[in-house]
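**Q** Below you'll find run.cif; it's mmCIF, C-alpha atoms.
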```cif
data_upload
loop_
_atom_site.label_atom_id
_atom_site.label_comp_id
_atom_site.auth_asym_id
_atom_site.auth_seq_id
_atom_site.Cartn_x
_atom_site.Cartn_y
_atom_site.Cartn_z
CA MET B 934 27.99 19.32 -34.82
CA ASN B 935 31.60 19.51 -33.64
CA ASP B 936 34.05 17.01 -32.18
CA ILE B 937 33.29 17.81 -28.54
CA SER B 938 29.57 17.16 -28.86
CA ASN B 939 29.80 14.16 -31.14
CA PRO B 940 26.91 11.78 -31.96
CA ILE B 941 28.00 9.30 -29.30
CA VAL B 942 27.80 11.94 -26.55
CA GLN B 943 24.41 13.07 -27.83
CA MET B 944 23.16 9.49 -27.87
CA LEU B 945 24.45 8.90 -24.34
CA GLU B 946 22.76 12.09 -23.19
CA LYS B 947 19.42 10.75 -24.40
CA PHE B 948 20.18 7.42 -22.75
CA LEU B 949 20.85 9.14 -19.42
CA THR B 950 17.73 11.30 -19.71
CA LEU B 951 15.56 8.24 -20.30
CA ALA B 952 17.25 6.30 -17.50
CA SER B 953 16.63 9.10 -15.00
CA GLN B 954 13.01 9.44 -16.16
CA ARG B 955 12.50 5.75 -15.65
CA HIS B 956 14.11 6.00 -12.25
CA THR B 957 11.57 8.70 -11.31
CA LEU B 958 8.71 6.43 -12.34
CA ILE B 959 10.11 3.50 -10.34
CA THR B 960 10.51 5.77 -7.30
CA SER B 961 6.89 6.81 -7.68
CA ASN B 962 5.77 3.17 -7.88
CA ILE B 963 7.72 2.39 -4.70
CA ALA B 964 6.28 5.46 -2.94
CA ASN B 965 2.76 4.24 -3.79
CA LEU B 966 3.33 0.70 -2.56
CA ASP B 967 0.49 1.03 -0.03
CA THR B 968 -1.85 3.33 -1.94
CA PRO B 969 -5.18 1.60 -2.59
CA GLY B 970 -6.05 1.41 -6.28
CA TYR B 971 -2.63 2.53 -7.53
CA ARG B 972 -1.42 0.83 -10.72
CA THR B 973 2.25 0.24 -11.57
CA ARG B 974 3.40 2.64 -14.28
CA ASP B 975 6.38 2.26 -16.57
CA PHE B 976 7.47 2.77 -20.18
CA ASP B 977 9.24 0.63 -22.75
CA PHE B 978 12.86 1.69 -22.25
CA ARG B 979 14.30 0.08 -25.39
CA GLY B 980 11.49 1.33 -27.60
CA GLU B 981 11.74 4.88 -26.26
CA LEU B 982 15.54 4.85 -26.61
CA ARG B 983 15.29 3.67 -30.20
CA ARG B 984 12.79 6.43 -30.95
CA ALA B 985 14.90 9.08 -29.20
CA ILE B 986 18.07 8.10 -31.07
CA SER B 987 16.35 8.08 -34.45
CA THR B 988 15.59 11.82 -34.25
CA GLU B 989 17.63 14.96 -33.71
CA ASP B 990 15.07 16.39 -31.30
CA PRO B 991 15.64 16.40 -27.54
CA VAL B 992 14.04 13.59 -25.56
CA MET B 993 10.33 13.97 -24.90
CA THR B 994 9.00 12.64 -21.63
CA PRO B 995 7.71 9.18 -22.52
CA ILE B 996 4.11 8.40 -21.72
CA ALA B 997 3.96 6.07 -18.75
CA ARG B 998 1.40 3.29 -19.05
CA ALA B 999 -0.06 0.86 -16.56
CA ILE B 1000 1.79 -2.44 -16.76
CA PRO B 1001 -0.46 -5.45 -17.44
CA GLY B 1002 0.01 -8.93 -15.99
CA LEU B 1003 0.95 -7.96 -12.43
CA MET B 1004 -0.75 -9.59 -9.50
CA GLU B 1005 -3.34 -7.31 -7.97
CA ARG B 1006 -3.93 -7.14 -4.24
CA PRO B 1007 -7.48 -6.92 -2.82
CA ASP B 1008 -7.14 -3.11 -2.42
CA GLY B 1009 -6.64 -2.73 -6.18
CA ASN B 1010 -2.90 -1.99 -5.90
CA ASN B 1011 -0.57 -4.03 -8.11
CA VAL B 1012 2.89 -2.73 -7.20
CA SER B 1013 5.38 -5.57 -6.83
CA MET B 1014 8.18 -4.73 -4.41
CA ASP B 1015 10.53 -7.21 -6.10
CA ARG B 1016 9.93 -5.91 -9.59
CA GLU B 1017 10.52 -2.31 -8.55
CA SER B 1018 13.62 -3.08 -6.47
CA LEU B 1019 15.17 -5.03 -9.33
CA LEU B 1020 14.29 -2.35 -11.87
CA MET B 1021 15.73 0.33 -9.62
CA ALA B 1022 19.04 -1.54 -9.37
CA GLU B 1023 19.01 -2.10 -13.13
CA THR B 1024 18.28 1.56 -13.92
CA GLN B 1025 20.96 2.69 -11.53
CA LEU B 1026 23.53 0.49 -13.26
CA GLN B 1027 22.37 1.68 -16.67
CA PHE B 1028 22.81 5.26 -15.51
CA ASN B 1029 26.27 4.40 -14.16
CA ILE B 1030 27.27 2.88 -17.51
CA GLY B 1031 26.03 5.96 -19.37
CA VAL B 1032 28.00 8.29 -17.09
CA GLN B 1033 31.18 6.23 -17.45
CA LEU B 1034 30.85 6.17 -21.24
CA ILE B 1035 30.33 9.95 -21.43
CA ARG B 1036 33.35 10.50 -19.18
CA ASN B 1037 35.33 8.19 -21.45
CA GLN B 1038 34.34 10.26 -24.48
CA PHE B 1039 35.48 13.48 -22.84
CA GLN B 1040 38.66 11.78 -21.66
CA GLN B 1041 39.48 10.90 -25.26
CA ILE B 1042 39.06 14.53 -26.33
CA MET B 1043 41.23 15.57 -23.38
CA THR B 1044 43.89 13.08 -24.46
CA ALA B 1045 43.82 14.54 -27.97
CA ILE B 1046 44.30 18.03 -26.50
CA THR B 1047 47.12 17.18 -24.09
CA GLU B 1048 49.00 14.75 -26.36
CA GLY B 1049 48.93 17.32 -29.16
CA SER B 1050 50.81 19.84 -27.05
CA LYS B 1051 53.59 17.37 -26.21
CA GLY B 1052 54.92 17.02 -29.79
CA MET V 790 10.31 16.25 -14.44
CA SER V 791 13.85 16.21 -13.13
CA ILE V 792 15.96 13.75 -11.22
CA PHE V 793 15.45 15.97 -8.16
CA SER V 794 11.71 15.28 -8.20
CA THR V 795 12.51 11.66 -7.27
CA LEU V 796 13.72 12.91 -3.89
CA GLU V 797 10.40 14.69 -3.34
CA ILE V 798 8.43 11.58 -4.31
CA SER V 799 10.44 9.32 -1.98
CA GLY V 800 10.24 12.00 0.70
CA SER V 801 6.45 12.05 0.49
CA ALA V 802 6.42 8.28 1.00
CA LEU V 803 8.79 8.54 3.97
CA ALA V 804 6.48 11.11 5.59
CA ALA V 805 3.38 9.00 4.89
CA GLU V 806 4.92 5.81 6.30
CA ARG V 807 6.12 7.69 9.36
CA GLN V 808 2.60 8.96 9.98
CA ARG V 809 1.31 5.41 9.61
CA ALA V 810 3.81 4.24 12.25
CA GLU V 811 2.67 7.09 14.52
CA VAL V 812 -0.96 6.01 14.18
CA VAL V 813 0.02 2.43 15.05
CA ALA V 814 1.90 3.71 18.09
CA ALA V 815 -1.17 5.71 19.17
CA ASN V 816 -3.33 2.61 18.77
CA MET V 817 -1.04 0.50 20.93
CA ALA V 818 -0.62 3.22 23.54
CA ASN V 819 -4.39 3.58 23.81
CA ALA V 820 -5.18 -0.14 23.83
CA GLU V 821 -6.63 0.15 27.35
CA THR V 822 -8.07 3.67 27.14
CA THR V 823 -11.69 3.59 28.23
CA HIS V 824 -12.17 7.31 28.56
CA THR V 825 -11.62 9.95 25.88
CA ALA V 826 -12.52 13.61 25.47
CA ALA V 827 -15.17 12.61 22.93
CA GLY V 828 -16.65 10.20 25.48
CA GLY V 829 -16.51 6.43 25.36
CA PRO V 830 -13.41 4.34 24.80
CA TYR V 831 -10.62 5.11 22.30
CA ARG V 832 -11.38 4.10 18.72
CA ARG V 833 -8.71 2.34 16.66
CA LYS V 834 -7.39 4.61 13.88
CA GLU V 835 -6.20 3.71 10.41
CA VAL V 836 -4.47 5.79 7.73
CA VAL V 837 -5.70 5.89 4.13
CA PHE V 838 -3.04 6.63 1.54
CA SER V 839 -3.81 8.40 -1.68
CA SER V 840 -1.71 8.98 -4.75
CA SER V 841 -1.32 12.67 -5.58
CA GLY V 842 -1.82 11.77 -9.24
CA ASN V 843 -5.43 10.95 -8.45
CA MET V 844 -7.07 13.99 -9.99
CA PRO V 845 -10.01 14.73 -12.25
CA PHE V 846 -9.41 14.54 -15.99
CA ARG V 847 -9.87 18.30 -16.42
CA MET V 848 -7.05 19.06 -13.94
CA MET V 849 -4.85 16.43 -15.53
CA LEU V 850 -5.34 18.01 -18.94
CA ALA V 851 -4.59 21.51 -17.58
CA ASN V 852 -1.43 20.18 -15.94
CA PHE V 853 -0.39 18.53 -19.17
CA ARG V 854 -0.91 21.78 -21.08
CA THR V 855 1.20 23.86 -18.69
CA LEU V 856 3.92 21.35 -17.86
CA GLY V 857 4.04 19.42 -21.12
CA PHE V 858 4.05 16.12 -19.27
CA HIS V 859 1.99 14.21 -16.80
CA PRO V 860 3.29 14.70 -13.24
CA ILE V 861 4.63 11.59 -11.54
CA PRO V 862 2.43 10.81 -8.54
CA ALA V 863 3.78 11.10 -5.01
CA VAL V 864 1.87 9.73 -2.03
CA ARG V 865 0.08 11.40 0.86
CA VAL V 866 -2.12 10.48 3.79
CA ALA V 867 -5.61 11.25 2.50
CA ARG V 868 -7.31 10.85 5.86
CA ILE V 869 -7.23 8.99 9.13
CA VAL V 870 -10.34 6.89 9.67
CA ASP V 871 -11.83 5.18 12.71
CA ASP V 872 -11.99 1.41 12.66
CA PRO V 873 -15.70 0.49 12.84
CA THR V 874 -15.03 -2.75 14.77
CA PRO V 875 -17.34 -2.80 17.86
CA ASN V 876 -15.75 -2.34 21.27
CA VAL V 877 -14.77 -5.30 23.39
CA MET V 878 -16.83 -5.71 26.57
CA ARG V 879 -14.98 -6.99 29.63
CA TYR V 880 -16.58 -7.81 32.99
CA GLU V 881 -14.87 -5.51 35.54
CA PRO V 882 -17.52 -4.35 38.01
CA ASP V 883 -15.03 -2.31 40.10
CA HIS V 884 -13.90 -0.21 37.13
CA PRO V 885 -15.14 3.43 37.26
CA ASP V 886 -16.24 3.22 33.60
CA ALA V 887 -18.24 0.04 34.11
CA ASN V 888 -21.90 0.07 33.04
CA LYS V 889 -24.85 -1.09 35.16
CA GLU V 890 -24.16 -4.77 34.38
CA GLY V 891 -20.49 -4.33 35.38
CA TYR V 892 -19.06 -4.44 31.86
CA VAL V 893 -16.39 -2.02 30.63
CA SER V 894 -16.04 -1.34 26.90
CA TYR V 895 -12.43 -1.42 25.73
CA PRO V 896 -11.17 -0.45 22.26
CA ALA V 897 -10.92 -3.42 19.87
CA ILE V 898 -7.15 -3.41 19.43
CA ASN V 899 -5.26 -6.52 18.45
CA PRO V 900 -1.55 -6.19 19.31
CA ILE V 901 -0.55 -8.69 16.61
CA GLN V 902 -2.37 -6.73 13.93
CA GLU V 903 -0.71 -3.51 15.13
CA MET V 904 2.76 -5.07 15.16
CA VAL V 905 2.32 -6.42 11.63
CA ASP V 906 1.15 -3.01 10.48
CA LEU V 907 4.13 -1.36 12.18
CA MET V 908 6.57 -3.82 10.61
CA SER V 909 5.06 -3.21 7.19
CA ALA V 910 5.38 0.57 7.68
CA VAL V 911 9.02 0.22 8.78
CA ARG V 912 9.93 -1.99 5.82
CA THR V 913 8.27 0.33 3.33
CA TYR V 914 10.09 3.23 4.99
CA GLN V 915 13.38 1.39 4.50
CA LEU V 916 12.57 0.63 0.87
CA ASN V 917 11.91 4.31 0.21
CA ALA V 918 15.03 5.32 2.10
CA SER V 919 17.08 3.09 -0.20
CA ALA V 920 15.32 4.69 -3.18
CA VAL V 921 16.51 8.07 -1.85
CA ASN V 922 20.05 6.69 -1.65
CA ALA V 923 19.84 5.41 -5.22
CA SER V 924 18.66 8.83 -6.43
CA LYS V 925 21.43 10.58 -4.51
CA GLN V 926 23.99 8.28 -6.04
CA MET V 927 22.68 9.01 -9.53
CA ILE V 928 22.84 12.78 -8.95
CA GLN V 929 26.38 12.39 -7.59
CA GLN V 930 27.38 10.38 -10.66
CA ALA V 931 25.94 13.02 -12.96
CA LEU V 932 28.07 15.58 -11.13
CA ASP V 933 31.11 13.35 -11.61
CA ILE V 934 30.88 13.91 -15.38
CA LEU V 935 32.24 17.38 -14.62
CA LYS V 936 35.36 16.04 -12.93
#
```
What's the structure tokens form of this structure?
**A**
Amino acid sequence: MNDISNPIVQMLEKFLTLASQRHTLITSNIANLDTPGYRTRDFDFRGELRRAISTEDPVMTPIARAIPGLMERPDGNNVSMDRESLLMAETQLQFNIGVQLIRNQFQQIMTAITEGSKG
Amino acid sequence: MSIFSTLEISGSALAAERQRAEVVAANMANAETTHTAAGGPYRRKEVVFSSSGNMPFRMMLANFRTLGFHPIPAVRVARIVDDPTPNVMRYEPDHPDANKEGYVSYPAINPIQEMVDLMSAVRTYQLNASAVNASKQMIQQALDILK
């Protein structure tokens, strides 16, 4: 481990990976809004993030489960447009935060490089 | 599974919703069609969506073994079915397709039902289009890390 790829950058990388994986799942739920019998699928973001951070290994694709407690329509589909829209906005902002934080980390290293040469 | 697969998933939904709107348009255009190549009046059509993740367990397991993850389901039009609602009989003795009693059978198409269906297809299309925009924005942001 060196200064450029420090633990914070590695943690943020896992955060971004999980956020984009969740975004894919939400997109799939939205795509299947009118599919008879389709069940909303999602994973526990906090739990998966905690697990990903606790190990050195790269992020595994979390197992998506059907979400209980959603209202089911007569065709057996239980996708809620509101839930998915909100989650999509949330995930997008989370991703944005992660990107900004990573950029900030690299900016700090850049500052260390450029300021050092000024002496 | 990559962030680019989200575009494919949303794209499949855009295509499916567009086909649904096309079927609605065909239904409305043929609301008064009493004569078709198959004989008899036009029959109202309906699309049936299916999730591409709907596969037998054996295939799912094989996929999991090769890919290492379960593919995220996109959507597709499984088939287009005929509405079994019986035709509407209207008394028009001068019509060339009238039967012996002077009744003509018209397709059972309710414009309100079709409009609601069309509206629902358009809204779902919009929702998926905004999902595409969200995905594009995320990819763009990831590229911005390089700047």
**Q** Check the smallest atom-to-atom distance from each of V:Asp933, V:Pro830, V:Glu835, V:Glu797 to Asp871 in chain V using only C-alpha atoms, then report the winner.
**A** V:Glu835
**Q** Quick one: of B:Met1014, B:Arg1006, B:Ser938, B:Gln1027, who's nearest to Arg979 in chain B, counting only C-alpha atoms?
**A**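 Among the listed residues, the smallest separation from Arg979 in chain B belongs to B:Gln1027.
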**Q** For the file shown, report as a ChimeraX atom specification the outcome of the PyMOL selection byres ((chain V and resi 798) around 8) at residue level.
**A** /B:960-961,964 /V:794-797,799-802,862-864
**Q** I'd like the contact shell of Ala999 in chain B - 8 Å cut-off, all atoms listed in the file, skipping same-chain residues fewer than 4 positions apart - returned as a ChimeraX atom specification.
**A** /B:972-975
**Q** Could you save the residues just selected, with C-alpha atoms, as a PDB file, keeping the file's coordinate frame?
**A**
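Written file, selection-v9.pdb:
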```
ATOM      1  CA  ARG B 972      -1.420   0.830 -10.720  1.00  0.00           C
ATOM      2  CA  THR B 973       2.250   0.240 -11.570  1.00  0.00           C
ATOM      3  CA  ARG B 974       3.400   2.640 -14.280  1.00  0.00           C
ATOM      4  CA  ASP B 975       6.380   2.260 -16.570  1.00  0.00           C
TER       5      ASP B 975
END
```
**Q** Which residues are close to Ala820 in chain V, i.e. within 10 Å by only C-alpha atoms, leaving aside same-chain residues fewer than 5 positions away? Reply as an NGL selection string.
**A** :V and (814-815 or 830-833 or 895-900)
**Q** Skip Leu1019 in chain B itself and residues of its chain fewer than 4 positions away, then list as an mmCIF file with C-alpha atoms, in the coordinates of the input all residues within 12 Å of it, counting all atoms listed in the file.
**A**
```
data_model
loop_
_atom_site.group_PDB
_atom_site.id
_atom_site.type_symbol
_atom_site.label_atom_id
_atom_site.label_comp_id
_atom_site.auth_asym_id
_atom_site.auth_seq_id
_atom_site.Cartn_x
_atom_site.Cartn_y
_atom_site.Cartn_z
ATOM 1 C CA HIS B 956 14.110 6.000 -12.250
ATOM 2 C CA ILE B 959 10.110 3.500 -10.340
ATOM 3 C CA THR B 960 10.510 5.770 -7.300
ATOM 4 C CA ILE B 963 7.720 2.390 -4.700
ATOM 5 C CA SER B 1013 5.380 -5.570 -6.830
ATOM 6 C CA MET B 1014 8.180 -4.730 -4.410
ATOM 7 C CA ASP B 1015 10.530 -7.210 -6.100
ATOM 8 C CA GLU B 1023 19.010 -2.100 -13.130
ATOM 9 C CA THR B 1024 18.280 1.560 -13.920
ATOM 10 C CA GLN B 1025 20.960 2.690 -11.530
ATOM 11 C CA LEU B 1026 23.530 0.490 -13.260
ATOM 12 C CA LEU V 916 12.570 0.630 0.870
ATOM 13 C CA ALA V 920 15.320 4.690 -3.180
#
```
**Q** Record the distance separating CA of Thr822 in chain V and CA of Thr913 in chain V, expressed in Å with one decimal.
**A**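 Between CA of Thr822 in chain V and CA of Thr913 in chain V the gap is 29.1 Å.
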**Q** Convert the output of the PyMOL selection byres ((chain B) within 8 of (chain V)) on the shown file into explicit residues, formatted as a ChimeraX atom specification.
**A** /B:953-954,956-958,960-961,963-969,971,994,996,1021,1025,1028-1029,1032-1033,1035-1036
**Q** For the selection just defined, write its residues with C-alpha atoms to a file, as a PDB file, in the frame of the given file.
**A**
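Final output, saved to again-v7.pdb:
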```pdb
ATOM      1  CA  SER B 953      16.630   9.100 -15.000  1.00  0.00           C
ATOM      2  CA  GLN B 954      13.010   9.440 -16.160  1.00  0.00           C
ATOM      3  CA  HIS B 956      14.110   6.000 -12.250  1.00  0.00           C
ATOM      4  CA  THR B 957      11.570   8.700 -11.310  1.00  0.00           C
ATOM      5  CA  LEU B 958       8.710   6.430 -12.340  1.00  0.00           C
ATOM      6  CA  THR B 960      10.510   5.770  -7.300  1.00  0.00           C
ATOM      7  CA  SER B 961       6.890   6.810  -7.680  1.00  0.00           C
ATOM      8  CA  ILE B 963       7.720   2.390  -4.700  1.00  0.00           C
ATOM      9  CA  ALA B 964       6.280   5.460  -2.940  1.00  0.00           C
ATOM     10  CA  ASN B 965       2.760   4.240  -3.790  1.00  0.00           C
ATOM     11  CA  LEU B 966       3.330   0.700  -2.560  1.00  0.00           C
ATOM     12  CA  ASP B 967       0.490   1.030  -0.030  1.00  0.00           C
ATOM     13  CA  THR B 968      -1.850   3.330  -1.940  1.00  0.00           C
ATOM     14  CA  PRO B 969      -5.180   1.600  -2.590  1.00  0.00           C
ATOM     15  CA  TYR B 971      -2.630   2.530  -7.530  1.00  0.00           C
ATOM     16  CA  THR B 994       9.000  12.640 -21.630  1.00  0.00           C
ATOM     17  CA  ILE B 996       4.110   8.400 -21.720  1.00  0.00           C
ATOM     18  CA  MET B1021      15.730   0.330  -9.620  1.00  0.00           C
ATOM     19  CA  GLN B1025      20.960   2.690 -11.530  1.00  0.00           C
ATOM     20  CA  PHE B1028      22.810   5.260 -15.510  1.00  0.00           C
ATOM     21  CA  ASN B1029      26.270   4.400 -14.160  1.00  0.00           C
ATOM     22  CA  VAL B1032      28.000   8.290 -17.090  1.00  0.00           C
ATOM     23  CA  GLN B1033      31.180   6.230 -17.450  1.00  0.00           C
ATOM     24  CA  ILE B1035      30.330   9.950 -21.430  1.00  0.00           C
ATOM     25  CA  ARG B1036      33.350  10.500 -19.180  1.00  0.00           C
TER      26      ARG B1036
END
```
**Q** In Å, rounded to a single decimal, give me how far CA of Gln915 in chain V is from CA of Glu811 in chain V.
**A**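 Answer for the CA of Glu811 in chain V to CA of Gln915 in chain V separation: 15.7 Å.
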**Q** So which residues touch Asn1037 in chain B within 10 Å, counting all atoms listed in the file, skipping near sequence neighbours fewer than 6 positions away, as an mmCIF file with C-alpha atoms, keeping the file's coordinate frame?
**A**
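This went into selection.cif:
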```cif
data_model
loop_
_atom_site.group_PDB
_atom_site.id
_atom_site.type_symbol
_atom_site.label_atom_id
_atom_site.label_comp_id
_atom_site.auth_asym_id
_atom_site.auth_seq_id
_atom_site.Cartn_x
_atom_site.Cartn_y
_atom_site.Cartn_z
ATOM 1 C CA VAL B 942 27.800 11.940 -26.550
ATOM 2 C CA GLY B 1031 26.030 5.960 -19.370
ATOM 3 C CA MET B 1043 41.230 15.570 -23.380
ATOM 4 C CA ILE V 934 30.880 13.910 -15.380
#
```
**Q** Name the residues captured by the PyMOL selection byres ((chain V and resi 878-892) around 9) when it is applied to the shown file; answer as an NGL selection string.
**A** :V and (823-824 or 829 or 876-877 or 893-896)
**Q** One decimal, Å: what's the distance from CA of Val992 in chain B over to CA of Ile1030 in chain B, could you say?
**A**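 Straight-line distance from CA of Val992 in chain B to CA of Ile1030 in chain B works out to 18.8 Å.
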